[in-house]
$ cat protein00.csv   # CSV, C-alpha atoms and all ligand atoms
chain,number,residue,atom,x,y,z
A,1,MET,CA,-68.0,-19.4,-42.3
A,2,THR,CA,-65.7,-20.5,-45.2
A,3,ALA,CA,-63.5,-23.5,-44.4
A,4,PHE,CA,-59.9,-23.2,-45.8
A,5,HIS,CA,-57.6,-26.0,-46.8
A,6,GLN,CA,-55.0,-26.3,-44.0
A,7,ARG,CA,-51.6,-25.2,-45.3
A,8,VAL,CA,-48.3,-24.0,-43.7
A,9,PHE,CA,-46.2,-21.2,-45.1
A,10,SER,CA,-43.1,-19.6,-43.7
A,11,GLY,CA,-39.9,-17.9,-44.9
A,12,VAL,CA,-36.3,-17.1,-43.9
A,13,GLN,CA,-34.3,-14.2,-45.3
A,14,PRO,CA,-31.0,-15.0,-47.1
A,15,THR,CA,-29.1,-12.4,-45.3
A,16,GLY,CA,-26.2,-14.5,-44.1
A,17,ASN,CA,-25.2,-15.6,-40.5
A,18,LEU,CA,-28.0,-18.1,-40.2
A,19,HIS,CA,-28.1,-18.7,-36.5
A,20,LEU,CA,-29.4,-20.8,-33.6
A,21,GLY,CA,-32.4,-18.5,-33.2
A,22,ASN,CA,-33.4,-19.1,-36.8
A,23,TYR,CA,-33.0,-22.8,-36.2
A,24,LEU,CA,-34.8,-23.1,-32.9
A,25,GLY,CA,-37.4,-20.4,-33.5
A,26,ALA,CA,-38.3,-21.3,-37.0
A,27,ILE,CA,-36.5,-24.0,-39.1
A,28,ARG,CA,-36.8,-26.8,-36.5
A,29,ARG,CA,-40.5,-26.1,-36.3
A,30,PHE,CA,-40.8,-26.2,-40.1
A,31,VAL,CA,-39.4,-29.7,-40.0
A,32,ASP,CA,-41.9,-30.9,-37.3
A,33,LEU,CA,-44.9,-29.5,-39.1
A,34,GLN,CA,-44.2,-31.6,-42.2
A,35,ASP,CA,-46.0,-34.6,-40.8
A,36,SER,CA,-49.3,-32.9,-40.2
A,37,TYR,CA,-49.5,-30.2,-42.9
A,38,GLU,CA,-48.9,-29.5,-46.5
A,39,CYS,CA,-45.9,-27.0,-46.2
A,40,ILE,CA,-44.4,-24.3,-48.3
A,41,TYR,CA,-41.0,-23.0,-47.2
A,42,CYS,CA,-39.6,-19.9,-48.9
A,43,VAL,CA,-36.2,-18.3,-49.1
A,44,VAL,CA,-37.4,-14.7,-49.0
A,45,ASP,CA,-34.9,-13.0,-51.2
A,46,MET,CA,-37.1,-10.0,-52.1
A,47,HIS,CA,-37.3,-9.2,-48.3
A,48,ALA,CA,-33.5,-9.4,-48.1
A,49,ILE,CA,-33.0,-6.5,-50.5
A,50,THR,CA,-35.0,-4.1,-48.3
A,51,VAL,CA,-31.5,-3.4,-47.0
A,52,ALA,CA,-28.4,-3.3,-49.3
A,53,GLN,CA,-27.0,-6.7,-50.3
A,54,ASP,CA,-24.0,-7.6,-52.3
A,55,PRO,CA,-25.3,-9.5,-55.4
A,56,ALA,CA,-22.8,-12.4,-55.3
A,57,GLU,CA,-23.3,-12.8,-51.5
A,58,LEU,CA,-27.0,-12.7,-51.9
A,59,THR,CA,-26.8,-15.6,-54.4
A,60,ALA,CA,-24.6,-17.6,-52.0
A,61,ASN,CA,-26.9,-16.8,-49.1
A,62,ILE,CA,-30.0,-18.0,-51.0
A,63,ARG,CA,-28.2,-21.3,-51.5
A,64,GLU,CA,-27.1,-21.4,-47.9
A,65,VAL,CA,-30.7,-21.1,-46.5
A,66,THR,CA,-31.9,-23.7,-49.0
A,67,ALA,CA,-29.1,-26.0,-47.9
A,68,ALA,CA,-30.1,-25.4,-44.3
A,69,PHE,CA,-33.7,-26.2,-44.9
A,70,ILE,CA,-32.7,-29.5,-46.5
A,71,ALA,CA,-30.0,-30.4,-44.0
A,72,CYS,CA,-32.3,-29.7,-41.1
A,73,GLY,CA,-34.8,-32.3,-42.5
A,74,ILE,CA,-37.2,-30.5,-44.8
A,75,ASP,CA,-38.2,-32.7,-47.7
A,76,PRO,CA,-38.4,-30.6,-50.9
A,77,LYS,CA,-40.1,-33.4,-52.8
A,78,LYS,CA,-43.0,-33.9,-50.4
A,79,HIS,CA,-43.3,-30.2,-49.6
A,80,ILE,CA,-42.3,-27.1,-51.5
A,81,VAL,CA,-39.0,-25.2,-51.1
A,82,PHE,CA,-38.3,-22.2,-53.3
A,83,ASN,CA,-37.1,-18.7,-53.5
A,84,GLN,CA,-39.6,-15.9,-53.5
A,85,SER,CA,-38.4,-13.9,-56.5
A,86,GLN,CA,-39.1,-16.9,-58.8
A,87,VAL,CA,-42.9,-16.5,-58.2
A,88,ALA,CA,-43.9,-13.1,-59.4
A,89,GLU,CA,-47.4,-13.4,-57.8
A,90,HIS,CA,-45.8,-12.4,-54.4
A,91,ALA,CA,-44.9,-9.0,-55.7
A,92,GLU,CA,-48.3,-8.7,-57.6
A,93,LEU,CA,-50.3,-9.4,-54.5
A,94,ALA,CA,-48.1,-7.2,-52.4
A,95,TRP,CA,-49.1,-4.2,-54.5
A,96,ILE,CA,-52.7,-4.9,-54.0
A,97,PHE,CA,-52.1,-5.2,-50.2
A,98,ASN,CA,-50.2,-1.9,-50.3
A,99,CYS,CA,-53.5,-0.4,-51.3
A,100,ILE,CA,-55.4,-2.3,-48.5
A,101,ALA,CA,-53.0,-1.7,-45.6
A,102,ARG,CA,-53.2,1.7,-43.9
A,103,ILE,CA,-50.1,3.9,-43.3
A,104,GLY,CA,-51.1,4.1,-39.6
A,105,TRP,CA,-50.8,0.3,-39.4
A,106,LEU,CA,-47.3,0.2,-40.8
A,107,ASN,CA,-46.3,3.1,-38.6
A,108,ARG,CA,-46.8,0.9,-35.6
A,109,MET,CA,-44.4,-1.8,-36.8
A,110,THR,CA,-41.5,-2.0,-34.3
A,111,GLN,CA,-39.2,-4.0,-36.6
A,112,PHE,CA,-39.2,-1.0,-39.0
A,113,LYS,CA,-38.4,1.4,-36.2
A,114,GLU,CA,-35.6,-0.8,-35.0
A,115,LYS,CA,-34.1,-1.5,-38.4
A,116,ALA,CA,-34.4,2.1,-39.8
A,117,GLY,CA,-33.1,3.5,-36.5
A,118,LYS,CA,-32.4,7.2,-36.3
A,119,ASP,CA,-31.9,7.5,-40.0
A,120,ARG,CA,-35.5,6.8,-40.9
A,121,GLU,CA,-35.6,9.2,-43.8
A,122,ASN,CA,-32.9,7.2,-45.5
A,123,ALA,CA,-34.5,3.8,-45.1
A,124,SER,CA,-35.8,2.1,-48.3
A,125,VAL,CA,-39.6,2.2,-49.1
A,126,GLY,CA,-39.2,-1.6,-49.3
A,127,LEU,CA,-38.2,-1.8,-45.6
A,128,TYR,CA,-41.3,0.2,-44.6
A,129,ALA,CA,-43.6,-1.9,-46.8
A,130,TYR,CA,-41.9,-5.2,-45.7
A,131,PRO,CA,-45.0,-6.4,-43.8
A,132,THR,CA,-47.4,-6.0,-46.8
A,133,LEU,CA,-45.0,-8.3,-48.9
A,134,MET,CA,-45.0,-10.7,-46.0
A,135,ALA,CA,-48.8,-10.8,-46.0
A,136,ALA,CA,-48.7,-11.4,-49.7
A,137,ASP,CA,-46.2,-14.3,-49.2
A,138,ILE,CA,-48.6,-16.0,-46.9
A,139,LEU,CA,-51.9,-15.2,-48.5
A,140,VAL,CA,-51.0,-15.9,-52.1
A,141,TYR,CA,-51.1,-19.5,-51.0
A,142,ARG,CA,-54.1,-18.9,-48.7
A,143,ALA,CA,-51.9,-20.4,-46.0
A,144,THR,CA,-53.7,-21.0,-42.7
A,145,HIS,CA,-50.7,-21.5,-40.3
A,146,VAL,CA,-47.4,-19.7,-40.1
A,147,PRO,CA,-44.6,-20.9,-37.9
A,148,VAL,CA,-42.4,-18.0,-36.8
A,149,GLY,CA,-40.2,-16.8,-33.9
A,150,GLU,CA,-41.8,-14.4,-31.4
A,151,ASP,CA,-40.2,-11.4,-33.1
A,152,GLN,CA,-42.6,-11.8,-36.1
A,153,LYS,CA,-45.8,-11.9,-34.1
A,154,GLN,CA,-46.7,-8.2,-34.9
A,155,HIS,CA,-46.2,-8.8,-38.6
A,156,LEU,CA,-48.4,-11.8,-38.5
A,157,GLU,CA,-51.1,-9.8,-36.8
A,158,LEU,CA,-50.8,-7.2,-39.6
A,159,SER,CA,-51.2,-10.0,-42.2
A,160,ARG,CA,-54.5,-11.0,-40.4
A,161,ASP,CA,-55.7,-7.4,-40.5
A,162,ILE,CA,-54.9,-7.2,-44.2
A,163,ALA,CA,-56.7,-10.4,-45.0
A,164,GLN,CA,-59.7,-9.3,-42.9
A,165,LYS,CA,-59.9,-5.8,-44.6
A,166,PHE,CA,-59.6,-7.4,-48.1
A,167,ASN,CA,-62.5,-9.8,-47.2
A,168,ASN,CA,-64.6,-6.8,-45.9
A,169,ASP,CA,-63.8,-4.3,-48.6
A,170,TYR,CA,-64.5,-6.8,-51.4
A,171,ALA,CA,-67.3,-8.8,-49.6
A,172,ALA,CA,-69.9,-8.3,-52.3
A,173,SER,CA,-67.5,-9.1,-55.1
A,174,ILE,CA,-66.2,-12.2,-53.2
A,175,THR,CA,-69.7,-13.5,-52.6
A,176,ARG,CA,-70.7,-12.9,-56.2
A,177,LEU,CA,-67.6,-14.6,-57.7
A,178,THR,CA,-66.9,-17.3,-55.3
A,179,GLY,CA,-70.2,-17.8,-53.3
A,180,SER,CA,-68.2,-17.6,-50.0
A,181,ASP,CA,-68.1,-15.0,-47.3
A,182,ALA,CA,-64.3,-14.7,-47.2
A,183,PHE,CA,-61.6,-15.1,-49.8
A,184,PHE,CA,-58.5,-15.1,-47.5
A,185,PRO,CA,-58.1,-17.1,-44.3
A,186,LEU,CA,-56.8,-15.2,-41.3
A,187,PRO,CA,-53.5,-17.0,-40.9
A,188,GLU,CA,-52.7,-18.3,-37.4
A,189,PRO,CA,-49.2,-17.8,-36.0
A,190,LEU,CA,-47.5,-20.9,-34.6
A,191,ILE,CA,-45.1,-19.5,-32.1
A,192,GLN,CA,-45.0,-22.4,-29.6
A,193,GLY,CA,-41.9,-24.5,-29.3
A,194,PRO,CA,-39.1,-24.8,-26.8
A,195,ALA,CA,-37.3,-21.6,-27.9
A,196,PRO,CA,-39.5,-19.0,-29.7
A,197,ARG,CA,-37.1,-16.2,-28.7
A,198,VAL,CA,-33.4,-17.1,-28.5
A,199,MET,CA,-31.4,-14.2,-27.0
A,200,SER,CA,-27.9,-12.9,-27.8
A,201,LEU,CA,-25.0,-14.7,-26.1
A,202,ARG,CA,-23.6,-11.3,-25.2
A,203,ASP,CA,-26.7,-9.7,-23.9
A,204,GLY,CA,-29.7,-11.7,-22.6
A,205,THR,CA,-32.1,-8.9,-23.2
A,206,LYS,CA,-31.5,-8.6,-27.0
A,207,LYS,CA,-32.6,-11.2,-29.5
A,208,MET,CA,-30.0,-13.3,-31.3
A,209,SER,CA,-29.8,-11.7,-34.7
A,210,LYS,CA,-28.0,-11.9,-38.0
A,211,SER,CA,-27.1,-8.3,-38.0
A,212,ASP,CA,-25.5,-8.0,-34.6
A,213,PRO,CA,-22.0,-6.6,-35.2
A,214,SER,CA,-20.5,-9.2,-32.7
A,215,ASP,CA,-20.1,-12.7,-34.1
A,216,TYR,CA,-19.9,-13.8,-30.5
A,217,SER,CA,-23.5,-12.9,-30.0
A,218,ARG,CA,-24.7,-15.9,-32.0
A,219,LEU,CA,-24.0,-19.6,-32.9
A,220,THR,CA,-24.3,-20.1,-36.6
A,221,PHE,CA,-24.4,-23.1,-38.9
A,222,ALA,CA,-21.0,-22.0,-40.2
A,223,ASP,CA,-19.4,-22.5,-36.8
A,224,ASP,CA,-17.2,-25.5,-36.3
A,225,ALA,CA,-16.8,-27.3,-32.9
A,226,ASP,CA,-14.0,-24.9,-31.8
A,227,ALA,CA,-15.9,-21.8,-32.7
A,228,ILE,CA,-19.0,-23.2,-30.8
A,229,ALA,CA,-16.9,-23.9,-27.8
A,230,GLN,CA,-15.3,-20.5,-27.8
A,231,LYS,CA,-18.6,-18.6,-28.2
A,232,VAL,CA,-20.3,-20.6,-25.5
A,233,ARG,CA,-17.4,-20.2,-23.1
A,234,LYS,CA,-17.4,-16.4,-23.7
A,235,ALA,CA,-21.2,-16.1,-23.4
A,236,LYS,CA,-22.2,-13.6,-20.8
A,237,THR,CA,-23.4,-15.0,-17.4
A,238,ASP,CA,-23.9,-13.8,-13.9
A,239,PRO,CA,-21.8,-14.8,-10.8
A,240,GLU,CA,-24.5,-17.0,-9.2
A,241,PRO,CA,-24.6,-20.8,-9.7
A,242,LEU,CA,-27.6,-22.2,-11.7
A,243,PRO,CA,-30.9,-22.4,-9.8
A,244,SER,CA,-32.6,-25.8,-9.5
A,245,GLU,CA,-36.1,-24.4,-10.3
A,246,ALA,CA,-37.5,-22.1,-13.0
A,247,ALA,CA,-38.4,-19.3,-10.5
A,248,GLY,CA,-34.7,-18.9,-9.8
A,249,LEU,CA,-34.1,-17.7,-13.4
A,250,SER,CA,-36.2,-14.6,-13.0
A,251,GLY,CA,-34.2,-11.4,-13.4
A,252,ARG,CA,-31.3,-13.5,-14.9
A,253,PRO,CA,-31.8,-13.2,-18.6
A,254,GLU,CA,-28.4,-14.7,-19.6
A,255,ALA,CA,-28.9,-17.8,-17.4
A,256,GLU,CA,-32.5,-18.2,-18.6
A,257,ASN,CA,-31.3,-18.0,-22.2
A,258,LEU,CA,-28.5,-20.6,-21.9
A,259,VAL,CA,-30.9,-23.0,-20.0
A,260,THR,CA,-33.5,-22.5,-22.7
A,261,ILE,CA,-31.0,-23.2,-25.5
A,262,TYR,CA,-29.7,-26.3,-23.7
A,263,ALA,CA,-33.3,-27.6,-23.2
A,264,ALA,CA,-34.2,-27.0,-26.8
A,265,LEU,CA,-31.1,-28.6,-28.3
A,266,ALA,CA,-31.2,-31.6,-26.0
A,267,ASP,CA,-35.0,-31.9,-26.5
A,268,VAL,CA,-35.7,-32.1,-22.8
A,269,PRO,CA,-37.9,-29.8,-20.6
A,270,ARG,CA,-36.3,-26.9,-18.9
A,271,ASP,CA,-37.2,-28.2,-15.5
A,272,ALA,CA,-35.2,-31.3,-16.2
A,273,VAL,CA,-32.1,-29.2,-17.1
A,274,LEU,CA,-32.5,-27.2,-13.9
A,275,ALA,CA,-32.9,-30.4,-11.9
A,276,GLN,CA,-29.7,-31.8,-13.4
A,277,PHE,CA,-27.6,-28.6,-13.2
A,278,GLY,CA,-29.1,-26.7,-10.2
A,279,GLY,CA,-26.3,-25.6,-8.0
A,280,ALA,CA,-23.6,-26.1,-10.7
A,281,GLN,CA,-21.3,-23.3,-11.7
A,282,PHE,CA,-21.6,-21.9,-15.3
A,283,SER,CA,-18.3,-23.3,-16.3
A,284,SER,CA,-19.4,-26.9,-16.0
A,285,PHE,CA,-22.8,-26.1,-17.5
A,286,LYS,CA,-21.2,-24.4,-20.4
A,287,ASN,CA,-19.1,-27.6,-21.1
A,288,ALA,CA,-22.3,-29.6,-21.3
A,289,LEU,CA,-23.9,-27.0,-23.5
A,290,VAL,CA,-20.9,-27.1,-25.9
A,291,ASP,CA,-21.3,-30.9,-26.2
A,292,VAL,CA,-25.0,-30.7,-26.9
A,293,ALA,CA,-24.6,-27.8,-29.4
A,294,VAL,CA,-21.8,-29.6,-31.3
A,295,ALA,CA,-23.7,-32.8,-31.4
A,296,LYS,CA,-26.8,-31.1,-32.8
A,297,LEU,CA,-25.4,-28.5,-35.1
A,298,GLY,CA,-22.3,-30.4,-36.3
A,299,PRO,CA,-24.1,-32.9,-38.5
A,300,ILE,CA,-26.4,-30.1,-39.9
A,301,SER,CA,-23.4,-28.0,-40.8
A,302,ALA,CA,-21.6,-30.9,-42.4
A,303,GLU,CA,-24.6,-31.8,-44.5
A,304,MET,CA,-25.0,-28.1,-45.5
A,305,LYS,CA,-21.4,-28.0,-46.7
A,306,LYS,CA,-22.0,-31.1,-48.9
A,307,LEU,CA,-25.1,-29.6,-50.4
A,308,GLN,CA,-23.5,-26.2,-51.0
A,309,ALA,CA,-20.7,-27.9,-52.9
A,310,ASP,CA,-23.3,-28.6,-55.6
A,311,PRO,CA,-25.0,-25.3,-56.4
A,312,ALA,CA,-26.6,-26.8,-59.6
A,313,HIS,CA,-28.5,-29.3,-57.4
A,314,ILE,CA,-29.7,-26.5,-55.0
A,315,ASP,CA,-30.8,-24.3,-57.9
A,316,ALA,CA,-32.7,-27.3,-59.4
A,317,VAL,CA,-34.5,-27.8,-56.1
A,318,LEU,CA,-35.5,-24.1,-56.1
A,319,ARG,CA,-36.6,-24.2,-59.7
A,320,ASP,CA,-38.8,-27.3,-59.1
A,321,GLY,CA,-40.3,-25.7,-55.9
A,322,SER,CA,-41.0,-22.5,-57.7
A,323,ILE,CA,-42.9,-24.2,-60.5
A,324,ARG,CA,-45.0,-26.0,-57.9
A,325,ALA,CA,-45.5,-22.9,-55.8
A,326,ARG,CA,-46.6,-21.0,-58.9
A,327,GLU,CA,-49.3,-23.6,-59.6
A,328,ILE,CA,-50.9,-22.7,-56.3
A,329,ALA,CA,-50.3,-18.9,-56.5
A,330,ARG,CA,-51.4,-18.2,-60.0
A,331,PRO,CA,-55.1,-19.2,-59.7
A,332,VAL,CA,-55.3,-17.3,-56.3
A,333,MET,CA,-53.9,-14.2,-58.0
A,334,GLU,CA,-56.3,-14.6,-60.9
A,335,SER,CA,-59.2,-14.7,-58.5
A,336,VAL,CA,-57.9,-11.6,-56.7
A,337,LYS,CA,-57.8,-9.7,-60.0
A,338,ASP,CA,-61.4,-10.7,-60.7
A,339,ILE,CA,-62.5,-9.8,-57.2
A,340,VAL,CA,-60.8,-6.4,-57.5
A,341,GLY,CA,-62.3,-5.8,-60.9
A,342,PHE,CA,-59.2,-5.9,-63.1
A,343,ILE,CA,-59.6,-7.2,-66.7
A,344,ARG,CA,-57.5,-10.3,-67.4
A,345,GLY,CA,-56.3,-11.4,-70.9
B,401,LIG,N1,-33.5,-14.8,-32.0
B,401,LIG,C1,-34.5,-15.5,-32.5
B,401,LIG,N2,-35.2,-16.4,-31.8
B,401,LIG,C2,-36.2,-17.2,-32.3
B,401,LIG,N3,-36.6,-17.1,-33.6
B,401,LIG,C3,-35.9,-16.2,-34.4
B,401,LIG,N4,-36.0,-15.8,-35.7
B,401,LIG,C4,-35.1,-14.9,-36.0
B,401,LIG,N5,-34.4,-14.6,-34.9
B,401,LIG,C5,-34.8,-15.4,-33.9
B,401,LIG,C6,-37.0,-16.4,-36.6
B,401,LIG,O1,-36.3,-16.9,-37.7
B,401,LIG,C7,-37.2,-16.8,-38.8
B,401,LIG,C8,-36.4,-16.2,-40.0
B,401,LIG,O2,-36.0,-14.9,-39.7
B,401,LIG,P1,-35.6,-14.0,-40.8
B,401,LIG,O3,-34.4,-14.3,-41.4
B,401,LIG,O4,-36.7,-13.9,-41.8
B,401,LIG,O5,-35.6,-12.6,-40.2
B,401,LIG,P2,-35.1,-11.9,-38.9
B,401,LIG,O6,-36.1,-12.1,-37.8
B,401,LIG,O7,-34.9,-10.5,-39.3
B,401,LIG,O8,-33.7,-12.6,-38.6
B,401,LIG,P3,-32.7,-11.8,-37.7
B,401,LIG,O9,-31.6,-12.8,-37.4
B,401,LIG,O10,-33.2,-11.2,-36.5
B,401,LIG,O11,-32.1,-10.8,-38.7
B,401,LIG,P4,-31.8,-9.2,-38.4
B,401,LIG,O12,-30.5,-9.2,-37.7
B,401,LIG,O13,-31.7,-8.6,-39.8
B,401,LIG,O14,-32.9,-8.7,-37.6
B,401,LIG,C9,-38.4,-16.0,-38.4
B,401,LIG,O15,-39.5,-16.9,-38.2
B,401,LIG,C10,-37.9,-15.3,-37.1
B,401,LIG,O16,-39.0,-15.1,-36.3

$ encode --input "protein00.csv" --output "structure tokens"
Amino acid sequence: MTAFHQRVFSGVQPTGNLHLGNYLGAIRRFVDLQDSYECIYCVVDMHAITVAQDPAELTANIREVTAAFIACGIDPKKHIVFNQSQVAEHAELAWIFNCIARIGWLNRMTQFKEKAGKDRENASVGLYAYPTLMAADILVYRATHVPVGEDQKQHLELSRDIAQKFNNDYAASITRLTGSDAFFPLPEPLIQGPAPRVMSLRDGTKKMSKSDPSDYSRLTFADDADAIAQKVRKAKTDPEPLPSEAAGLSGRPEAENLVTIYAALADVPRDAVLAQFGGAQFSSFKNALVDVAVAKLGPISAEMKKLQADPAHIDAVLRDGSIRAREIARPVMESVKDIVGFIRG
């Protein structure tokens, strides 16, 4: 079996309202993985335009996500930070994967169903093909590990199916040209972590999301201490006091969500939170949650503001990252063309 160089790839869409779910489910994991892997972190701007975007806002949002990466602790010198559209190989490989993936596979994707809603006929072709571009994002670097929130699990499985089918369909060509039995690794999702699925503050059964019409459903990096306090105090709860053991959270999605958020932000096990606050009313627990959220998110927001005040610096980081990303992507794409049988100049 072919051994692949261990490499992490992941991305975040620059679609505004970067929130606590993006931080706890993804970006904080990105930071932790830097010590053990070579990491490539991408602002996936081509994914963003699968739904309509205002061009000036898109530009600002690309810089916002880049600033968040850096402010959270990603080191763009040791690792790679860039925006997807600067590396054309993503789109090139995505086309090949459009010809590998089956329509039946894409029809099963729940994110498309949710985002297209009832007006499916009017959704963009890009929104439908989103997962094949995501597979290309990962595999153009032959990345082996992909940290994502739980909502992306199905897309990751599709990426594995695409890698496997490419390896099978072109097995003879791969062996002839590379001497190996597989060209693409089957990328492993890394979904562990204290909060792989952060839920809306207004409804504990819905995930916290950028596109929720209520700003009270999420904590964002743009929130100051007052906004955080207001949103946490308004967060939906139930009339019971907090339980002292995890079993007592079952059937109480809002309580479970707030406890999970607290534990993740304070970096303590959930059981320790329940041992501390068991029997307490939500009002006092919410005060403690505001304190920990402000302490954690405040310095990140401040650093993001500083970085965003110098867009030329952010653009230079992205340019440098794109050049280095391209150095990895180009030879992979050239091999793919050879494997498929294209003639290269
Ligand atoms: N609620 C969440 N809990 C944990 N992780 C989450 N992620 C998103 N929401 C949560 C993770 O954040 C990473 C970047 O997400 P994205 O920007 O690429 O796409 P998304 O999942 O579409 O983000 P949203 O906020 O949910 O946007 P909308 O409202 O458009 O659907 C991913 O790793 C994702 O898992």

$ residues_around --input "protein00.csv" --residues "A:Asn257" --least-positions-apart "4" --cutoff "7 Å" --atoms "all atoms listed in the file" --output "list in words"
Val198, Met199, Gly204, Pro253 and Ile261 of chain A

$ write_last_selection --input "protein00.csv" --atoms "C-alpha atoms" --output "short mmCIF file (atom, residue, chain, number, x, y, z; two decimals), keeping the file's coordinate frame"
data_model
loop_
_atom_site.label_atom_id
_atom_site.label_comp_id
_atom_site.auth_asym_id
_atom_site.auth_seq_id
_atom_site.Cartn_x
_atom_site.Cartn_y
_atom_site.Cartn_z
CA VAL A 198 -33.40 -17.10 -28.50
CA MET A 199 -31.40 -14.20 -27.00
CA GLY A 204 -29.70 -11.70 -22.60
CA PRO A 253 -31.80 -13.20 -18.60
CA ILE A 261 -31.00 -23.20 -25.50
#

$ axis_aligned_box --input "protein00.csv" --around "ligand LIG 401 (chain B)" --padding-each-side "6 Å" --output "JSON"
{"center_x": -35.0, "center_y": -12.9, "center_z": -36.8, "size_x": 21.0, "size_y": 20.6, "size_z": 22.0}

$ closest_residue --input "protein00.csv" --among "A:Glu121, A:Glu114, A:Asp137, A:Asp224" --to "ligand LIG 401 (chain B)" --atoms "only C-alpha atoms and all ligand atoms"
A:Glu114

$ residues_near_ligand --input "protein00.csv" --ligand "ligand LIG 401 (chain B)" --cutoff "9 Å" --atoms "all atoms listed in the file" --output "ChimeraX atom specification"
/A:10-27,43-44,47-48,51,111,114-115,146-153,191,195-200,206-212,218

$ closest_residue --input "protein00.csv" --among "A:Pro187, A:Gly126, A:Ser180, A:Ala116" --to "A:Leu156" --atoms "only C-alpha atoms"
A:Pro187

$ atom_distance --input "protein00.csv" --atom1 "atom CA of A:Val294" --atom2 "atom CA of A:Thr205"
24.5 Å

$ residues_around --input "protein00.csv" --residues "stretch 138-142 of chain A" --least-positions-apart "3" --cutoff "9 Å" --atoms "all atoms listed in the file" --output "MDAnalysis selection string"
chainID A and resid 4:10 40 89:90 93 133:135 145:146 159 163 183:187 325 328:330 332:333

$ write_last_selection --input "protein00.csv" --atoms "C-alpha atoms" --output "PDB file, keeping the file's coordinate frame"
ATOM      1  CA  PHE A   4     -59.900 -23.200 -45.800  1.00  0.00           C
ATOM      2  CA  HIS A   5     -57.600 -26.000 -46.800  1.00  0.00           C
ATOM      3  CA  GLN A   6     -55.000 -26.300 -44.000  1.00  0.00           C
ATOM      4  CA  ARG A   7     -51.600 -25.200 -45.300  1.00  0.00           C
ATOM      5  CA  VAL A   8     -48.300 -24.000 -43.700  1.00  0.00           C
ATOM      6  CA  PHE A   9     -46.200 -21.200 -45.100  1.00  0.00           C
ATOM      7  CA  SER A  10     -43.100 -19.600 -43.700  1.00  0.00           C
ATOM      8  CA  ILE A  40     -44.400 -24.300 -48.300  1.00  0.00           C
ATOM      9  CA  GLU A  89     -47.400 -13.400 -57.800  1.00  0.00           C
ATOM     10  CA  HIS A  90     -45.800 -12.400 -54.400  1.00  0.00           C
ATOM     11  CA  LEU A  93     -50.300  -9.400 -54.500  1.00  0.00           C
ATOM     12  CA  LEU A 133     -45.000  -8.300 -48.900  1.00  0.00           C
ATOM     13  CA  MET A 134     -45.000 -10.700 -46.000  1.00  0.00           C
ATOM     14  CA  ALA A 135     -48.800 -10.800 -46.000  1.00  0.00           C
ATOM     15  CA  HIS A 145     -50.700 -21.500 -40.300  1.00  0.00           C
ATOM     16  CA  VAL A 146     -47.400 -19.700 -40.100  1.00  0.00           C
ATOM     17  CA  SER A 159     -51.200 -10.000 -42.200  1.00  0.00           C
ATOM     18  CA  ALA A 163     -56.700 -10.400 -45.000  1.00  0.00           C
ATOM     19  CA  PHE A 183     -61.600 -15.100 -49.800  1.00  0.00           C
ATOM     20  CA  PHE A 184     -58.500 -15.100 -47.500  1.00  0.00           C
ATOM     21  CA  PRO A 185     -58.100 -17.100 -44.300  1.00  0.00           C
ATOM     22  CA  LEU A 186     -56.800 -15.200 -41.300  1.00  0.00           C
ATOM     23  CA  PRO A 187     -53.500 -17.000 -40.900  1.00  0.00           C
ATOM     24  CA  ALA A 325     -45.500 -22.900 -55.800  1.00  0.00           C
ATOM     25  CA  ILE A 328     -50.900 -22.700 -56.300  1.00  0.00           C
ATOM     26  CA  ALA A 329     -50.300 -18.900 -56.500  1.00  0.00           C
ATOM     27  CA  ARG A 330     -51.400 -18.200 -60.000  1.00  0.00           C
ATOM     28  CA  VAL A 332     -55.300 -17.300 -56.300  1.00  0.00           C
ATOM     29  CA  MET A 333     -53.900 -14.200 -58.000  1.00  0.00           C
TER      30      MET A 333
END

$ atom_distance --input "protein00.csv" --atom1 "atom CA of A:Gly251" --atom2 "atom CA of A:Ala235"
17.1 Å

$ closest_residue --input "protein00.csv" --among "A:Glu64, A:Asn168, A:Arg252, A:Ser244" --to "A:Asn83" --atoms "only C-alpha atoms"
A:Glu64

$ closest_residue --input "protein00.csv" --among "A:Gln164, A:Ala94, A:Ala68, A:Arg102" --to "A:Tyr130" --atoms "only C-alpha atoms"
A:Ala94

$ residues_around --input "protein00.csv" --residues "A:Lys234" --least-positions-apart "2" --cutoff "10 Å" --atoms "only C-alpha atoms" --output "NGL selection string"
:A and (201-202 or 216-217 or 228-232 or 236-237 or 286)

$ write_last_selection --input "protein00.csv" --atoms "C-alpha atoms" --output "compact mmCIF listing (two decimals), keeping the file's coordinate frame"
# COMPACT_ATOMS: atom_id res chain seq x y z
CA LEU A 201 -25.00 -14.70 -26.10
CA ARG A 202 -23.60 -11.30 -25.20
CA TYR A 216 -19.90 -13.80 -30.50
CA SER A 217 -23.50 -12.90 -30.00
CA ILE A 228 -19.00 -23.20 -30.80
CA ALA A 229 -16.90 -23.90 -27.80
CA GLN A 230 -15.30 -20.50 -27.80
CA LYS A 231 -18.60 -18.60 -28.20
CA VAL A 232 -20.30 -20.60 -25.50
CA LYS A 236 -22.20 -13.60 -20.80
CA THR A 237 -23.40 -15.00 -17.40
CA LYS A 286 -21.20 -24.40 -20.40

$ atom_distance --input "protein00.csv" --atom1 "atom CA of A:Ser322" --atom2 "atom CA of A:Val81"
7.4 Å

$ residues_near_point --input "protein00.csv" --point "(-31.6, -25.1, -17.6)" --cutoff "10 Å" --atoms "all atoms listed in the file" --output "list in words"
Leu242, Pro243, Ser244, Glu245, Ala246, Leu249, Ala255, Glu256, Asn257, Leu258, Val259, Thr260, Ile261, Tyr262, Ala263, Ala264, Val268, Pro269, Arg270, Asp271, Ala272, Val273, Leu274, Ala275, Gln276, Phe277, Gly278, Phe285 and Leu289 of chain A
